[in-house]
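Below is one structure, written out as structure tokens, with a few remarks after it.
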Amino acid sequence: MDIFERVSANRGPLGSHSHYAHGYFTFPKLEGEIKPRMLFRGKEVLTWSLNNYLGLANHPEVRQADTEATAQYGMAYPMGARIMSGNSTLHEQLENELADFVHKPSALLLNFGYQGVVSIIDALVSRHDAIVYDAESHACIIDGVRLHQGKRFVFPHNDIENLEKQLERAKRLTDETGGGILVITEGMFGMSGNLGKLREIVKLKEKFNFRLFVDDAHGFGTLGPTGAGTAEHLGVTEGVDLIFYTFAKSMASIGAFVAGPEAVIEYLRYNMRSQIFAKSLPMPLVIGALKRLELIRNHPEYRENLWTIVRALQSGLREKGFNIGTTESPVTPVFLNGQIPDATALTFDLRENHGLFCSIVVYPVVPKGVIMLRLIPTAVHTLEDVRETIAAFEAISAKLDKGLYSKQPATA
């Protein structure tokens with residue numbers, strides 16, 4: 001069969017719904033300044049779907065720094081990959097400040113988060129090594145693991161007993177191959193809001209010889225006494241060997257970094273193909289990241305404001321009987337019972353009649369019969385936003401229980 005004919009006939013699990021979902025449920029357009037209330041299809045909506053945890057996206061000092069850096073340098077400088085002609089003193093300054101902030105000896109800037117994790121895994125392990133990873137790891141970890149030419153073992157989400165079994169299997173293999181073991185998990189899981197069991201995993205180092213790589217995209221800026229992330233929050237910074245963070249969440253920008261031992265970071269600097277063969281991060285993004293990091297360091301009240309909203313939202317939902325799972329973080333999933341037509345109709349109701357915009361997750365991401373509405377609180381939401389949201393959720397839940405959405409499904 002012709003490749004184009006095949007992909008045109010079968011657009012995949014998400015693409016199969018594009019004929020009615022595109023522009024509303026998928027690829028929606030939120031317009032206006034980035035803040036809790038934005039415009040969706042010309043109407044103002046209270047937005048809970050942006051990972052702007054600390055409210056830096058529209059911070060006046062951030063806007064000013066971005067604007068001035070763009071005026072001074074443009075978006076082209078520096079030209080070329082960093083290994084060839086795209087390095088700068090400010091790139092190195094940002095790496096040093098980031099390493100210091102997360103309490104690691106060294107750090108390496110990455111152009112993008114997703115591609116960065118994939119490339120870290122690809123560069124770090126050989127065909128003689130074994131990877132052991134959490135089943136609910138982010139897609140970037142899964143794709144990185146798929147590139148691994150050696151053996152890989154998966155353990156059920158946060159199941160430490162099963163992780164130990166997988167480590168035993170991995171050890172038997174690496175005893176034969178002479179390779180090593182890399183355990184991969186997340187600090188804060190972005191869908192459930194669970195924290196990875198980093199303490200328990202680090203404890204297993206007393207029994208097994210392995211290295212631990214943690215993706216803490218959501219933990220940076222939100223957890224820990226200084227905002228350095230989940231490892232700091234759990235008191236296991238030294239036990240986490242290599243840790244990844246993105247700028248796309250609390251930093252409200254583009255880019256990422258990986259931090260760890262100096263020798264390992266230097267190895268990645270010279271062996272990560274996605275960085276060696278890619279243009280350097282543009283100077284305005286570097287200068288913007290320096291400003292954002294300065295604000296995170298100097299304004300702990302941003303993180304305190306975030307957690308005030310998180311506690312109000314999560315306790316309020318629980319008091320009203322909503323199932324928000326076992327989240328230990330700002331990520332707030334609300335689990336409801338219903339089918340995809342119910343999910344479509346209630347989401348439409350939320351947006352059109354209650355002026356509330358949040359992300360919707362259905363099968364195959366969650367089991368059949370489950371609807372997950374994902375809320376992301378930020379430091380710039382208000383307690384009034386929380387009260388309005390809980391009231392809206394009570395209204396849609398009552399309709400869902402009565403089967404009204406199934407009887408009169410709405411479409412965009």
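By order of appearance in the structure tokens: chains A, B, ..., then residues from 1 within every chain, and ligands from 1 in the order shown.
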
Which residues of range 236-351 of chain A have any atom within 12 Å of an atom in range 78-82 of chain A when counting only C-alpha atoms, and what is the closest pair of atoms for each, with the distance in Å to one decimal? Order the rows by chain and rising number and write it as a tab-separated table.
```
residue	atom	partner	partner_atom	distance
A:Arg269	CA	A:Arg82	CA	9.4
A:Tyr270	CA	A:Arg82	CA	10.2
A:Met272	CA	A:Arg82	CA	11.8
A:Arg273	CA	A:Ala81	CA	10.8
A:Ser274	CA	A:Ala81	CA	10.0
A:Gln275	CA	A:Ala81	CA	7.2
A:Ile276	CA	A:Ala81	CA	6.1
A:Phe277	CA	A:Ala81	CA	6.3
A:Ala278	CA	A:Ala81	CA	5.3
A:Lys279	CA	A:Ala81	CA	4.2
A:Ser280	CA	A:Ala81	CA	4.8
A:Leu281	CA	A:Pro78	CA	7.8
A:Pro282	CA	A:Pro78	CA	6.2
A:Met283	CA	A:Pro78	CA	6.6
A:Pro284	CA	A:Pro78	CA	10.0
A:Leu285	CA	A:Pro78	CA	11.2
A:Val286	CA	A:Pro78	CA	10.7
```

For the residues in that selection, give me all heavy atoms as a short mmCIF file (atom, residue, chain, number, x, y, z; two decimals), in the first residue's frame.
```cif
data_model
loop_
_atom_site.label_atom_id
_atom_site.label_comp_id
_atom_site.auth_asym_id
_atom_site.auth_seq_id
_atom_site.Cartn_x
_atom_site.Cartn_y
_atom_site.Cartn_z
N ARG A 269 27.31 16.83 26.76
CA ARG A 269 27.59 18.02 25.96
C ARG A 269 28.23 17.66 24.62
O ARG A 269 27.98 18.29 23.59
CB ARG A 269 28.51 18.97 26.74
CG ARG A 269 28.64 20.36 26.15
CD ARG A 269 29.65 21.19 26.95
NE ARG A 269 29.38 21.23 28.37
CZ ARG A 269 28.51 22.06 28.94
NH1 ARG A 269 27.84 22.92 28.18
NH2 ARG A 269 28.34 22.04 30.24
N TYR A 270 29.05 16.62 24.63
CA TYR A 270 29.78 16.24 23.43
C TYR A 270 29.17 15.03 22.72
O TYR A 270 29.71 14.59 21.71
CB TYR A 270 31.24 15.93 23.78
CG TYR A 270 32.09 17.18 23.90
CD1 TYR A 270 32.17 17.87 25.10
CD2 TYR A 270 32.79 17.68 22.81
CE1 TYR A 270 32.93 19.02 25.22
CE2 TYR A 270 33.56 18.83 22.91
CZ TYR A 270 33.62 19.50 24.12
OH TYR A 270 34.36 20.64 24.22
N MET A 272 25.30 14.36 22.80
CA MET A 272 23.87 14.45 22.54
C MET A 272 23.65 14.96 21.12
O MET A 272 23.84 16.14 20.82
CB MET A 272 23.18 15.38 23.54
CG MET A 272 22.91 14.75 24.88
SD MET A 272 22.00 15.85 25.98
CE MET A 272 20.44 15.99 25.10
N ARG A 273 23.21 14.08 20.24
CA ARG A 273 23.10 14.42 18.83
C ARG A 273 22.07 15.55 18.59
O ARG A 273 22.23 16.37 17.70
CB ARG A 273 22.72 13.17 18.02
CG ARG A 273 23.81 12.12 18.01
CD ARG A 273 23.37 10.83 17.33
NE ARG A 273 23.07 11.02 15.92
CZ ARG A 273 23.98 11.02 14.95
NH1 ARG A 273 25.27 10.87 15.24
NH2 ARG A 273 23.62 11.17 13.69
N SER A 274 21.02 15.58 19.41
CA SER A 274 20.00 16.61 19.22
C SER A 274 20.53 18.00 19.53
O SER A 274 19.95 19.00 19.09
CB SER A 274 18.78 16.32 20.12
OG SER A 274 19.12 16.47 21.48
N GLN A 275 21.62 18.10 20.28
CA GLN A 275 22.23 19.40 20.58
C GLN A 275 23.40 19.69 19.65
O GLN A 275 23.57 20.82 19.20
CB GLN A 275 22.69 19.43 22.03
CG GLN A 275 21.56 19.33 23.04
CD GLN A 275 20.52 20.42 22.88
OE1 GLN A 275 19.34 20.17 22.68
NE2 GLN A 275 20.96 21.67 22.95
N ILE A 276 24.20 18.69 19.38
CA ILE A 276 25.37 18.88 18.51
C ILE A 276 24.95 19.32 17.11
O ILE A 276 25.60 20.16 16.48
CB ILE A 276 26.18 17.56 18.42
CG1 ILE A 276 26.80 17.24 19.79
CG2 ILE A 276 27.27 17.67 17.37
CD1 ILE A 276 27.47 15.89 19.84
N PHE A 277 23.82 18.78 16.64
CA PHE A 277 23.39 19.05 15.26
C PHE A 277 22.18 19.98 15.21
O PHE A 277 21.38 19.93 14.29
CB PHE A 277 23.07 17.73 14.54
CG PHE A 277 24.27 16.84 14.41
CD1 PHE A 277 24.46 15.77 15.27
CD2 PHE A 277 25.24 17.08 13.45
CE1 PHE A 277 25.57 14.94 15.16
CE2 PHE A 277 26.36 16.27 13.32
CZ PHE A 277 26.53 15.20 14.18
N ALA A 278 22.06 20.86 16.21
CA ALA A 278 20.94 21.81 16.24
C ALA A 278 21.45 23.20 16.58
O ALA A 278 22.44 23.37 17.30
CB ALA A 278 19.89 21.38 17.27
N LYS A 279 20.77 24.20 16.08
CA LYS A 279 21.14 25.58 16.36
C LYS A 279 21.03 25.88 17.85
O LYS A 279 20.15 25.38 18.53
CB LYS A 279 20.24 26.54 15.56
CG LYS A 279 20.60 28.01 15.71
CD LYS A 279 19.63 28.89 14.92
CE LYS A 279 19.96 30.36 15.10
NZ LYS A 279 19.89 30.81 16.49
N SER A 280 21.90 26.73 18.33
CA SER A 280 21.92 27.12 19.73
C SER A 280 20.63 27.83 20.13
O SER A 280 19.94 28.44 19.30
CB SER A 280 23.10 28.06 19.95
OG SER A 280 23.13 28.55 21.27
N LEU A 281 20.29 27.75 21.42
CA LEU A 281 19.13 28.44 21.95
C LEU A 281 19.31 29.94 21.73
O LEU A 281 20.34 30.51 22.10
CB LEU A 281 19.01 28.15 23.45
CG LEU A 281 17.65 28.31 24.12
CD1 LEU A 281 16.63 27.35 23.52
CD2 LEU A 281 17.77 28.08 25.63
N PRO A 282 18.33 30.62 21.09
CA PRO A 282 18.47 32.05 20.79
C PRO A 282 18.71 32.89 22.04
O PRO A 282 18.18 32.60 23.12
CB PRO A 282 17.14 32.41 20.13
CG PRO A 282 16.65 31.11 19.56
CD PRO A 282 17.09 30.06 20.53
N MET A 283 19.48 33.93 21.90
CA MET A 283 19.88 34.76 23.04
C MET A 283 18.70 35.34 23.83
O MET A 283 18.75 35.36 25.08
CB MET A 283 20.80 35.89 22.58
CG MET A 283 21.43 36.65 23.71
SD MET A 283 22.55 35.62 24.69
CE MET A 283 24.03 35.73 23.68
N PRO A 284 17.63 35.81 23.18
CA PRO A 284 16.51 36.32 23.98
C PRO A 284 15.92 35.27 24.92
O PRO A 284 15.48 35.61 26.03
CB PRO A 284 15.48 36.75 22.92
CG PRO A 284 16.30 37.09 21.73
CD PRO A 284 17.42 36.09 21.75
N LEU A 285 15.94 34.00 24.53
CA LEU A 285 15.43 32.95 25.41
C LEU A 285 16.38 32.71 26.58
O LEU A 285 15.95 32.40 27.69
CB LEU A 285 15.22 31.66 24.61
CG LEU A 285 14.14 31.71 23.53
CD1 LEU A 285 14.09 30.40 22.76
CD2 LEU A 285 12.78 32.01 24.13
N VAL A 286 17.67 32.86 26.33
CA VAL A 286 18.66 32.69 27.40
C VAL A 286 18.55 33.83 28.41
O VAL A 286 18.50 33.60 29.62
CB VAL A 286 20.08 32.64 26.80
CG1 VAL A 286 21.14 32.63 27.90
CG2 VAL A 286 20.23 31.41 25.91
#
```

- Task: Write down as number ranges by chain the residues of range 130-246 of chain A whose backbone DSSP state falls under strand (DSSP E or B).
- Result: A: 130-134, 151-155, 181-186, 188, 195, 211-215, 242-246

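In this comparison, which uses only C-alpha atoms, the residue of A:Pro105, A:Gly355, A:Gly235, A:Pro377 approaching Arg37 in chain A most closely is A:Gly355.
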
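For the pair CA of Ile376 in chain A and CA of Ile184 in chain A, the separation is 24.7 Å.
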
- Find the residues near range 210-225 of chain A: any atom within 8 Å, counting only C-alpha atoms, skip ones fewer than 3 places away on the same chain, and give them as a PyMOL selection string. chain A and resi 53-54+117+180-190+202+205+228-234+239-247+249-251+296+303+306+330

Deliver the residues from the most recent selection as a file, using N, CA, C and O atoms, as a compact mmCIF listing (two decimals), in the first residue's frame.
```txt
# COMPACT_ATOMS: atom_id res chain seq x y z
N TYR A 53 2.67 27.89 36.19
CA TYR A 53 2.51 27.67 37.62
C TYR A 53 2.73 28.93 38.46
O TYR A 53 1.96 29.21 39.38
N LEU A 54 3.79 29.67 38.18
CA LEU A 54 4.16 30.80 39.02
C LEU A 54 3.68 32.14 38.46
O LEU A 54 4.00 33.19 39.02
N VAL A 117 15.00 14.93 26.48
CA VAL A 117 14.93 13.67 27.23
C VAL A 117 15.22 12.48 26.30
O VAL A 117 15.98 11.57 26.66
N GLY A 180 25.52 -1.54 32.55
CA GLY A 180 24.98 -0.94 33.76
C GLY A 180 23.47 -0.82 33.70
O GLY A 180 22.84 -1.18 32.69
N ILE A 181 22.88 -0.30 34.77
CA ILE A 181 21.42 -0.18 34.88
C ILE A 181 21.06 1.28 35.06
O ILE A 181 21.63 1.98 35.91
N LEU A 182 20.10 1.74 34.28
CA LEU A 182 19.56 3.10 34.41
C LEU A 182 18.08 2.99 34.78
O LEU A 182 17.29 2.42 34.03
N VAL A 183 17.71 3.54 35.93
CA VAL A 183 16.31 3.61 36.34
C VAL A 183 15.79 5.00 35.97
O VAL A 183 16.45 6.01 36.24
N ILE A 184 14.62 5.04 35.35
CA ILE A 184 14.03 6.31 34.91
C ILE A 184 12.63 6.44 35.47
O ILE A 184 11.81 5.52 35.38
N THR A 185 12.35 7.59 36.06
CA THR A 185 11.00 7.89 36.53
C THR A 185 10.79 9.39 36.47
O THR A 185 11.66 10.13 35.99
N GLU A 186 9.65 9.85 36.95
CA GLU A 186 9.37 11.28 36.99
C GLU A 186 9.35 11.77 38.44
O GLU A 186 9.09 11.00 39.37
N GLY A 187 9.60 13.06 38.61
CA GLY A 187 9.46 13.66 39.92
C GLY A 187 8.00 13.90 40.24
O GLY A 187 7.46 13.38 41.21
N MET A 188 7.35 14.69 39.39
CA MET A 188 5.91 14.94 39.50
C MET A 188 5.26 14.47 38.21
O MET A 188 5.61 14.93 37.13
N PHE A 189 4.32 13.53 38.31
CA PHE A 189 3.66 13.00 37.13
C PHE A 189 2.57 13.98 36.69
O PHE A 189 1.67 14.33 37.46
N GLY A 190 2.66 14.41 35.42
CA GLY A 190 1.85 15.52 34.95
C GLY A 190 0.37 15.24 34.77
O GLY A 190 -0.42 16.19 34.66
N VAL A 202 15.74 5.55 45.72
CA VAL A 202 17.11 5.82 46.18
C VAL A 202 17.53 4.79 47.23
O VAL A 202 18.69 4.33 47.24
N LYS A 205 19.28 1.64 46.16
CA LYS A 205 20.69 1.69 45.78
C LYS A 205 21.56 0.95 46.79
O LYS A 205 22.70 0.57 46.49
N ALA A 228 13.51 24.05 43.98
CA ALA A 228 14.41 23.27 43.13
C ALA A 228 13.80 21.97 42.65
O ALA A 228 14.39 21.28 41.82
N GLY A 229 12.61 21.60 43.14
CA GLY A 229 11.93 20.45 42.58
C GLY A 229 11.66 19.32 43.55
O GLY A 229 11.84 19.44 44.77
N THR A 230 11.23 18.21 42.98
CA THR A 230 10.75 17.08 43.78
C THR A 230 11.85 16.45 44.62
O THR A 230 11.62 16.05 45.77
N ALA A 231 13.05 16.33 44.06
CA ALA A 231 14.15 15.72 44.81
C ALA A 231 14.45 16.54 46.06
O ALA A 231 14.68 15.99 47.14
N GLU A 232 14.45 17.87 45.93
CA GLU A 232 14.66 18.73 47.09
C GLU A 232 13.50 18.58 48.07
O GLU A 232 13.71 18.49 49.28
N HIS A 233 12.29 18.54 47.54
CA HIS A 233 11.09 18.39 48.38
C HIS A 233 11.15 17.11 49.21
O HIS A 233 10.75 17.10 50.38
N LEU A 234 11.66 16.04 48.62
CA LEU A 234 11.71 14.73 49.31
C LEU A 234 13.03 14.50 50.02
O LEU A 234 13.22 13.46 50.66
N GLY A 239 20.80 11.60 46.00
CA GLY A 239 20.52 10.25 45.51
C GLY A 239 20.03 10.21 44.08
O GLY A 239 20.07 9.15 43.44
N VAL A 240 19.53 11.34 43.57
CA VAL A 240 19.12 11.42 42.17
C VAL A 240 20.35 11.80 41.35
O VAL A 240 20.89 12.89 41.48
N ASP A 241 20.79 10.89 40.49
CA ASP A 241 22.07 11.09 39.79
C ASP A 241 21.98 12.12 38.67
O ASP A 241 22.89 12.93 38.49
N LEU A 242 20.91 12.06 37.91
CA LEU A 242 20.75 12.95 36.76
C LEU A 242 19.30 13.42 36.74
O LEU A 242 18.38 12.61 36.90
N ILE A 243 19.11 14.73 36.57
CA ILE A 243 17.75 15.26 36.67
C ILE A 243 17.49 16.26 35.56
O ILE A 243 18.35 17.06 35.20
N PHE A 244 16.30 16.16 34.98
CA PHE A 244 15.92 16.98 33.84
C PHE A 244 14.81 17.95 34.24
O PHE A 244 13.92 17.60 35.02
N TYR A 245 14.89 19.17 33.72
CA TYR A 245 13.85 20.17 33.94
C TYR A 245 13.56 20.88 32.62
O TYR A 245 14.45 21.06 31.78
N THR A 246 12.33 21.33 32.45
CA THR A 246 11.97 22.09 31.26
C THR A 246 11.67 23.53 31.63
O THR A 246 11.31 23.83 32.77
N PHE A 247 11.80 24.44 30.67
CA PHE A 247 11.41 25.84 30.85
C PHE A 247 9.93 26.06 30.52
O PHE A 247 9.43 27.16 30.67
N LYS A 249 7.17 25.01 31.83
CA LYS A 249 6.18 25.04 32.92
C LYS A 249 6.38 26.31 33.76
O LYS A 249 5.95 27.38 33.38
N SER A 250 7.05 26.19 34.90
CA SER A 250 7.20 27.34 35.80
C SER A 250 7.95 28.50 35.16
O SER A 250 7.70 29.66 35.49
N MET A 251 8.87 28.21 34.25
CA MET A 251 9.63 29.28 33.61
C MET A 251 8.85 29.95 32.48
O MET A 251 9.27 31.01 32.00
N ILE A 296 12.25 33.56 40.39
CA ILE A 296 11.93 32.36 41.18
C ILE A 296 12.77 32.33 42.45
O ILE A 296 12.27 32.01 43.54
N ARG A 303 5.51 31.02 44.77
CA ARG A 303 5.25 29.61 45.06
C ARG A 303 4.22 29.48 46.19
O ARG A 303 3.36 28.60 46.16
N LEU A 306 0.83 30.09 44.74
CA LEU A 306 0.41 28.90 44.00
C LEU A 306 -0.21 27.88 44.94
O LEU A 306 -1.31 27.35 44.68
N PRO A 330 0.43 20.46 42.44
CA PRO A 330 -0.58 21.36 41.89
C PRO A 330 -1.48 20.71 40.83
O PRO A 330 -2.64 21.12 40.67
```

- Item | Minimum-distance residue to Asn298 in chain A, chosen among A:Gly42, A:Phe101, A:Asn158, A:Glu266 (using only C-alpha atoms) |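 Among the listed residues, A:Phe101 lies closest to Asn298 in chain A.
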
- Mind pulling up the distance from CA of Lys203 in chain A to CA of Thr177 in chain A?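 Answer for the CA of Thr177 in chain A to CA of Lys203 in chain A separation: 24.9 Å.
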
As an mmCIF file with C-alpha atoms, in the first residue's frame, please: the residues near range 358-370 of chain A (cut-off 8 Å, only C-alpha atoms, same-chain neighbours under 5 positions excluded).
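Contents of around29.cif, as written:
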```cif
data_model
loop_
_atom_site.group_PDB
_atom_site.id
_atom_site.type_symbol
_atom_site.label_atom_id
_atom_site.label_comp_id
_atom_site.auth_asym_id
_atom_site.auth_seq_id
_atom_site.Cartn_x
_atom_site.Cartn_y
_atom_site.Cartn_z
ATOM 1 C CA PHE A 25 -11.605 19.912 21.709
ATOM 2 C CA THR A 47 -8.666 28.989 32.108
ATOM 3 C CA TRP A 48 -7.195 26.064 34.059
ATOM 4 C CA SER A 49 -5.147 24.442 31.304
ATOM 5 C CA PHE A 335 -12.311 11.841 37.691
ATOM 6 C CA LEU A 336 -15.914 11.396 36.528
ATOM 7 C CA ASN A 337 -17.807 8.392 35.176
ATOM 8 C CA GLY A 338 -19.030 8.562 31.597
ATOM 9 C CA GLN A 339 -18.402 7.763 27.975
ATOM 10 C CA ILE A 340 -16.807 9.880 25.253
ATOM 11 C CA ALA A 343 -17.238 13.959 27.938
ATOM 12 C CA THR A 347 -16.886 19.938 28.130
ATOM 13 C CA LEU A 375 -6.949 21.506 36.260
#
```

- Message: For range 29-35 of chain A, find every residue with an atom within 9 Å (counting only C-alpha atoms), except residues of its own chain fewer than 4 positions away, and show them as a list in words.
- Response: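 Neighbouring residues, sequence-local ones excluded: Gly23, Tyr24, Leu39, Phe40, Arg41, Gly42, Leu46, Thr47, Leu50, Asn52, Gly55, Ala57, Asn58, Val380 and His381 of chain A.
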
- Would you please give, as a ChimeraX atom specification, all residues of range 137-273 of chain A that DSSP assigns to helix (DSSP H, G or I) based on the backbone? /A:139-147,160-177,198-206,230-234,262-271,273

- Query: So what do you get for CA of Leu268 in chain A versus CA of Val125 in chain A, distance-wise?
  - Reply: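 A separation of 11.2 Å between them.
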
- Which residue gives the smallest distance to Thr327 in chain A among A:Pro156, A:Gly116, A:Gly227, A:Gly193, with only C-alpha atoms counted?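 Going through A:Pro156, A:Gly116, A:Gly227, A:Gly193 one by one, the smallest distance to Thr327 in chain A is for A:Gly193.
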
- Message: Here is a test: counting only C-alpha atoms, which residue of A:Leu195, A:Leu167, A:Leu313, A:Ile83 is nearest to Lys207 in chain A?
- Response: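 Among the listed residues, A:Leu167 lies closest to Lys207 in chain A.
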
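Of the listed residues (A:Gln93, A:Thr70, A:Thr237, A:Thr389), A:Thr237 comes nearest to Leu198 in chain A; the distances count only C-alpha atoms.
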
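The shell of residues at most 12 Å from Gln149 in chain A, with only C-alpha atoms counted and near chain neighbours (fewer than 3 positions) removed, consists of Ile121, Asp122, Ala123, Leu124, Val125, Ser126, Arg127, His128, Asp129, Ala130, Ile131, Gly144, Val145, Arg146 and Arg152 of chain A.
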
Let me see the file: selected residues, all heavy atoms, as a compact mmCIF listing (two decimals), in the first residue's frame.
```txt
# COMPACT_ATOMS: atom_id res chain seq x y z
N ILE A 121 18.64 9.94 26.90
CA ILE A 121 18.59 8.48 27.02
C ILE A 121 19.40 7.82 25.92
O ILE A 121 20.19 6.90 26.15
CB ILE A 121 17.13 7.99 27.00
CG1 ILE A 121 16.36 8.55 28.21
CG2 ILE A 121 17.06 6.46 26.99
CD1 ILE A 121 14.87 8.32 28.16
N ASP A 122 19.24 8.32 24.69
CA ASP A 122 19.95 7.77 23.55
C ASP A 122 21.47 7.86 23.74
O ASP A 122 22.21 6.93 23.41
CB ASP A 122 19.53 8.52 22.29
CG ASP A 122 20.26 8.05 21.05
OD1 ASP A 122 20.28 6.83 20.79
OD2 ASP A 122 20.83 8.90 20.32
N ALA A 123 21.94 8.99 24.28
CA ALA A 123 23.37 9.19 24.45
C ALA A 123 23.95 8.42 25.63
O ALA A 123 25.11 8.01 25.60
CB ALA A 123 23.66 10.69 24.61
N LEU A 124 23.14 8.21 26.65
CA LEU A 124 23.66 7.72 27.93
C LEU A 124 23.86 6.21 27.99
O LEU A 124 24.77 5.73 28.66
CB LEU A 124 22.72 8.15 29.05
CG LEU A 124 23.27 8.22 30.47
CD1 LEU A 124 24.47 9.16 30.54
CD2 LEU A 124 22.19 8.68 31.43
N VAL A 125 23.00 5.45 27.30
CA VAL A 125 23.05 4.00 27.45
C VAL A 125 23.54 3.31 26.18
O VAL A 125 23.32 3.79 25.06
CB VAL A 125 21.66 3.43 27.84
CG1 VAL A 125 21.28 3.86 29.24
CG2 VAL A 125 20.60 3.88 26.84
N SER A 126 24.18 2.18 26.38
CA SER A 126 24.65 1.36 25.26
C SER A 126 23.82 0.09 25.17
O SER A 126 22.99 -0.18 26.04
CB SER A 126 26.13 1.00 25.46
OG SER A 126 26.25 -0.03 26.42
N ARG A 127 24.07 -0.71 24.16
CA ARG A 127 23.31 -1.95 23.98
C ARG A 127 23.59 -2.96 25.08
O ARG A 127 22.84 -3.92 25.26
CB ARG A 127 23.61 -2.57 22.60
CG ARG A 127 25.04 -2.97 22.39
CD ARG A 127 25.27 -3.42 20.94
NE ARG A 127 26.66 -3.77 20.68
CZ ARG A 127 27.19 -4.96 20.89
NH1 ARG A 127 26.43 -5.94 21.37
NH2 ARG A 127 28.46 -5.19 20.64
N HIS A 128 24.66 -2.76 25.84
CA HIS A 128 24.98 -3.67 26.94
C HIS A 128 24.23 -3.30 28.22
O HIS A 128 24.17 -4.10 29.16
CB HIS A 128 26.48 -3.65 27.22
CG HIS A 128 27.31 -4.04 26.05
ND1 HIS A 128 27.32 -5.31 25.52
CD2 HIS A 128 28.17 -3.31 25.27
CE1 HIS A 128 28.14 -5.37 24.48
NE2 HIS A 128 28.66 -4.16 24.31
N ASP A 129 23.65 -2.09 28.26
CA ASP A 129 22.99 -1.60 29.46
C ASP A 129 21.51 -2.00 29.49
O ASP A 129 20.92 -2.35 28.47
CB ASP A 129 23.08 -0.07 29.53
CG ASP A 129 24.51 0.42 29.56
OD1 ASP A 129 25.34 -0.25 30.20
OD2 ASP A 129 24.80 1.45 28.92
N ALA A 130 20.92 -1.89 30.66
CA ALA A 130 19.48 -2.16 30.83
C ALA A 130 18.81 -0.92 31.40
O ALA A 130 19.37 -0.22 32.25
CB ALA A 130 19.26 -3.34 31.78
N ILE A 131 17.60 -0.65 30.90
CA ILE A 131 16.80 0.45 31.40
C ILE A 131 15.60 -0.12 32.15
O ILE A 131 14.95 -1.05 31.67
CB ILE A 131 16.29 1.35 30.26
CG1 ILE A 131 17.46 2.09 29.60
CG2 ILE A 131 15.27 2.36 30.76
CD1 ILE A 131 17.04 2.94 28.40
N GLY A 144 12.32 7.77 24.20
CA GLY A 144 13.75 7.59 24.41
C GLY A 144 14.10 6.14 24.68
O GLY A 144 15.09 5.61 24.16
N VAL A 145 13.28 5.48 25.48
CA VAL A 145 13.50 4.07 25.79
C VAL A 145 13.38 3.22 24.53
O VAL A 145 14.13 2.25 24.35
CB VAL A 145 12.50 3.61 26.87
CG1 VAL A 145 12.51 2.10 27.01
CG2 VAL A 145 12.83 4.26 28.21
N ARG A 146 12.47 3.59 23.65
CA ARG A 146 12.31 2.83 22.40
C ARG A 146 13.56 2.85 21.54
O ARG A 146 13.82 1.94 20.75
CB ARG A 146 11.13 3.40 21.60
CG ARG A 146 9.76 3.03 22.16
CD ARG A 146 8.67 3.76 21.40
NE ARG A 146 7.34 3.36 21.85
CZ ARG A 146 6.22 3.97 21.50
NH1 ARG A 146 6.27 5.04 20.71
NH2 ARG A 146 5.05 3.54 21.94
N ARG A 152 15.10 -3.54 28.11
CA ARG A 152 14.37 -2.59 28.95
C ARG A 152 13.30 -3.33 29.74
O ARG A 152 12.67 -4.25 29.23
CB ARG A 152 13.78 -1.47 28.11
CG ARG A 152 13.00 -1.93 26.88
CD ARG A 152 12.64 -0.72 26.02
NE ARG A 152 11.75 -1.07 24.93
CZ ARG A 152 12.13 -1.19 23.67
NH1 ARG A 152 13.40 -1.01 23.34
NH2 ARG A 152 11.26 -1.48 22.72
```

Give me the range 226-330 of chain A side of the contact with range 393-397 of chain A, cut-off 10 Å, one line per residue showing its nearest atom pair and distance in Å at one decimal, counting only C-alpha atoms, sorted by chain and residue number, as JSON lines.
```
{"residue": "A:Leu317", "atom": "CA", "partner": "A:Phe393", "partner_atom": "CA", "distance": 8.6}
{"residue": "A:Lys320", "atom": "CA", "partner": "A:Glu394", "partner_atom": "CA", "distance": 7.7}
{"residue": "A:Gly321", "atom": "CA", "partner": "A:Glu394", "partner_atom": "CA", "distance": 9.4}
{"residue": "A:Phe322", "atom": "CA", "partner": "A:Glu394", "partner_atom": "CA", "distance": 8.8}
```
